[in-house]
Structures are given as C-alpha cells and as structure tokens.
Amino acid sequence: MTFTQWRDRFRGWRGHRPFAGGVLLVLGGAEILVTMKAPLPVILHVGMQGLAGYLLPTLMVLCGLLILFNPTQRLFYSIIAILLSLGTWLTSNIGGFVVGLLLGAVGSSLAFGWVPDQEPRRSRRQRREEEQARPTVGAAHKGGHLPETGKPA
C-alpha cells in the first residue's frame, strides 16, 4: 500500500468519527497524567496515595479512545468525559494546571456536537467554481429582450 492510498483510507476513517474531539480528550488525559508525575511541590495527592488523581485522567484517555473507535456511543462517552474533566480540577493539580482540563472539556464538547450524517464541507473555492459554472438568466440570453415577447402563444 502506498502512502497516498494509506492517507486516503485514513481520511475516510477519520471522517466517519469525531476525530478531533477524541484526540483532544486523549491529549488532555495524558497531560494530566504527566503533571501528576511532575517533581513540583505544588502536586496534590488526595485519597489512597492519589488514586483518584490517576484514575480520572486514565478514564479520560479511555473515553477518548472509545470515542475514536466506537463513535456510535459518542454521546455517552462525551458526557462521562466532561464530568471526568471537571473532576480533575479537585483531584489532579487543578486539572493538570488547567491545560488538561481545558483540552478534555473542549474535546468532549466537540465529540458531543459531532453530527455523523452531515454532508461534507465544501471550500470557498469549490462553491465559487460551482456558482460560476451554473448558468444564469443573463448568460443564457444576451439579447436583453425575449424573442417572442408581445406575440400570443
């Protein structure tokens, strides 16, 4: 399989799922997990040696992967993911110093708002070309008046 074939297949796969939302959710959970291991004195550990601090971002990553690979259940996963993202504010260093929380919230919102049966977007250039190709009344008859005007049918 050549690179262009692989790229086209990936574009087709990506177009049938809330790809940006899932990726942002995975990145948000990963960022929060990384900040939990940061050697900073600001780190907060709640509960059984910070179990909730590791559990919530891990579940965020899991929800992001499930959104990518099972898009039919995206509504459920995105609702759970936004709740997990908001929960990291308390359990995981203010949501991974706010960056992970924002990535998770934006990703789950994008996944929630994704519409599967929407027709593909067209660029301005494609719309302009279609408009120019469409015949108009003035272009169809350049004479300025209709040839059969004034005569009964």
# chains A, B, ... in the order shown; residues from 1 in each chain; ligands from 1
call {"tool": "residues_around", "arguments": {"residues": "stretch 66-81 of chain A", "least_positions_apart": "5", "cutoff": "7 Å", "atoms": "only C-alpha atoms", "output": "PyMOL selection string"}}
result
chain A and resi 17-19+22+60+108-109+111-112
call {"tool": "write_last_selection", "arguments": {"atoms": "all heavy atoms", "output": "PDB file, in the first residue's frame"}}
result
ATOM      1  N   ARG A  17     -15.951   9.724  12.163  1.00  0.00           N
ATOM      2  CA  ARG A  17     -15.922   9.721  13.636  1.00  0.00           C
ATOM      3  C   ARG A  17     -15.508  11.093  14.143  1.00  0.00           C
ATOM      4  O   ARG A  17     -14.918  11.871  13.406  1.00  0.00           O
ATOM      5  CB  ARG A  17     -14.988   8.640  14.152  1.00  0.00           C
ATOM      6  CG  ARG A  17     -13.576   8.758  13.697  1.00  0.00           C
ATOM      7  CD  ARG A  17     -12.840   7.444  13.806  1.00  0.00           C
ATOM      8  NE  ARG A  17     -13.349   6.513  12.826  1.00  0.00           N
ATOM      9  CZ  ARG A  17     -13.977   5.380  13.126  1.00  0.00           C
ATOM     10  NH1 ARG A  17     -14.145   5.015  14.361  1.00  0.00           N
ATOM     11  NH2 ARG A  17     -14.437   4.583  12.187  1.00  0.00           N
ATOM     12  N   PRO A  18     -15.810  11.406  15.409  1.00  0.00           N
ATOM     13  CA  PRO A  18     -15.401  12.706  15.974  1.00  0.00           C
ATOM     14  C   PRO A  18     -13.922  12.690  16.330  1.00  0.00           C
ATOM     15  O   PRO A  18     -13.529  12.611  17.497  1.00  0.00           O
ATOM     16  CB  PRO A  18     -16.295  12.850  17.205  1.00  0.00           C
ATOM     17  CG  PRO A  18     -16.646  11.466  17.585  1.00  0.00           C
ATOM     18  CD  PRO A  18     -16.671  10.663  16.317  1.00  0.00           C
ATOM     19  N   PHE A  19     -13.083  12.770  15.309  1.00  0.00           N
ATOM     20  CA  PHE A  19     -11.652  12.565  15.478  1.00  0.00           C
ATOM     21  C   PHE A  19     -11.001  13.636  16.347  1.00  0.00           C
ATOM     22  O   PHE A  19     -10.249  13.328  17.271  1.00  0.00           O
ATOM     23  CB  PHE A  19     -10.978  12.519  14.099  1.00  0.00           C
ATOM     24  CG  PHE A  19      -9.536  12.149  14.146  1.00  0.00           C
ATOM     25  CD1 PHE A  19      -9.158  10.838  14.358  1.00  0.00           C
ATOM     26  CD2 PHE A  19      -8.556  13.103  13.983  1.00  0.00           C
ATOM     27  CE1 PHE A  19      -7.830  10.489  14.402  1.00  0.00           C
ATOM     28  CE2 PHE A  19      -7.226  12.768  14.033  1.00  0.00           C
ATOM     29  CZ  PHE A  19      -6.856  11.449  14.241  1.00  0.00           C
ATOM     30  N   GLY A  22     -11.941  13.236  20.082  1.00  0.00           N
ATOM     31  CA  GLY A  22     -11.283  12.097  20.718  1.00  0.00           C
ATOM     32  C   GLY A  22      -9.809  12.342  20.964  1.00  0.00           C
ATOM     33  O   GLY A  22      -9.276  12.013  22.031  1.00  0.00           O
ATOM     34  N   MET A  60     -10.295   9.397  31.363  1.00  0.00           N
ATOM     35  CA  MET A  60     -10.423  10.370  30.273  1.00  0.00           C
ATOM     36  C   MET A  60      -9.763   9.844  28.996  1.00  0.00           C
ATOM     37  O   MET A  60     -10.333   9.948  27.906  1.00  0.00           O
ATOM     38  CB  MET A  60      -9.775  11.702  30.655  1.00  0.00           C
ATOM     39  CG  MET A  60     -10.593  12.587  31.537  1.00  0.00           C
ATOM     40  SD  MET A  60      -9.700  14.069  32.033  1.00  0.00           S
ATOM     41  CE  MET A  60      -9.389  14.868  30.483  1.00  0.00           C
ATOM     42  N   SER A 108     -14.388  16.778  24.682  1.00  0.00           N
ATOM     43  CA  SER A 108     -15.669  16.122  24.917  1.00  0.00           C
ATOM     44  C   SER A 108     -16.817  16.938  24.334  1.00  0.00           C
ATOM     45  O   SER A 108     -17.802  16.370  23.861  1.00  0.00           O
ATOM     46  CB  SER A 108     -15.879  15.865  26.408  1.00  0.00           C
ATOM     47  OG  SER A 108     -15.841  17.063  27.126  1.00  0.00           O
ATOM     48  N   SER A 109     -16.693  18.259  24.323  1.00  0.00           N
ATOM     49  CA  SER A 109     -17.725  19.093  23.691  1.00  0.00           C
ATOM     50  C   SER A 109     -17.754  18.885  22.177  1.00  0.00           C
ATOM     51  O   SER A 109     -18.832  18.818  21.573  1.00  0.00           O
ATOM     52  CB  SER A 109     -17.477  20.563  23.994  1.00  0.00           C
ATOM     53  OG  SER A 109     -17.549  20.793  25.372  1.00  0.00           O
ATOM     54  N   ALA A 111     -16.833  16.165  20.620  1.00  0.00           N
ATOM     55  CA  ALA A 111     -17.384  14.828  20.377  1.00  0.00           C
ATOM     56  C   ALA A 111     -18.891  14.825  20.556  1.00  0.00           C
ATOM     57  O   ALA A 111     -19.610  14.157  19.812  1.00  0.00           O
ATOM     58  CB  ALA A 111     -16.736  13.819  21.322  1.00  0.00           C
ATOM     59  N   PHE A 112     -19.387  15.572  21.531  1.00  0.00           N
ATOM     60  CA  PHE A 112     -20.823  15.630  21.771  1.00  0.00           C
ATOM     61  C   PHE A 112     -21.539  16.309  20.610  1.00  0.00           C
ATOM     62  O   PHE A 112     -22.625  15.903  20.213  1.00  0.00           O
ATOM     63  CB  PHE A 112     -21.118  16.380  23.072  1.00  0.00           C
ATOM     64  CG  PHE A 112     -22.559  16.345  23.478  1.00  0.00           C
ATOM     65  CD1 PHE A 112     -23.060  15.271  24.186  1.00  0.00           C
ATOM     66  CD2 PHE A 112     -23.408  17.390  23.157  1.00  0.00           C
ATOM     67  CE1 PHE A 112     -24.389  15.237  24.556  1.00  0.00           C
ATOM     68  CE2 PHE A 112     -24.738  17.354  23.528  1.00  0.00           C
ATOM     69  CZ  PHE A 112     -25.229  16.278  24.230  1.00  0.00           C
TER      70      PHE A 112
END
call {"tool": "closest_residue", "arguments": {"among": "A:Pro135, A:Arg124, A:Met36, A:Leu110", "to": "A:Gly95", "atoms": "only C-alpha atoms"}}
result
A:Met36
call {"tool": "select_by_dssp", "arguments": {"residues": "stretch 23-148 of chain A", "states": "alpha helix (DSSP H)", "output": "PyMOL selection string"}}
result
chain A and resi 23-36+51-69+74-91+93-97+99-113+124-133+137-140
call {"tool": "closest_residue", "arguments": {"among": "A:Val98, A:Asp8, A:Leu103, A:Leu83", "to": "A:Gly29", "atoms": "only C-alpha atoms"}}
result
A:Leu103
call {"tool": "atom_distance", "arguments": {"atom1": "atom CA of A:Arg14", "atom2": "atom CA of A:Ile82"}}
result
22.0 Å
call {"tool": "atom_distance", "arguments": {"atom1": "atom CA of A:Leu86", "atom2": "atom CA of A:Leu101"}}
result
6.6 Å
call {"tool": "closest_residue", "arguments": {"among": "A:Gly107, A:His16, A:Gly53, A:Cys63", "to": "A:Ile32", "atoms": "only C-alpha atoms"}}
result
A:Gly53
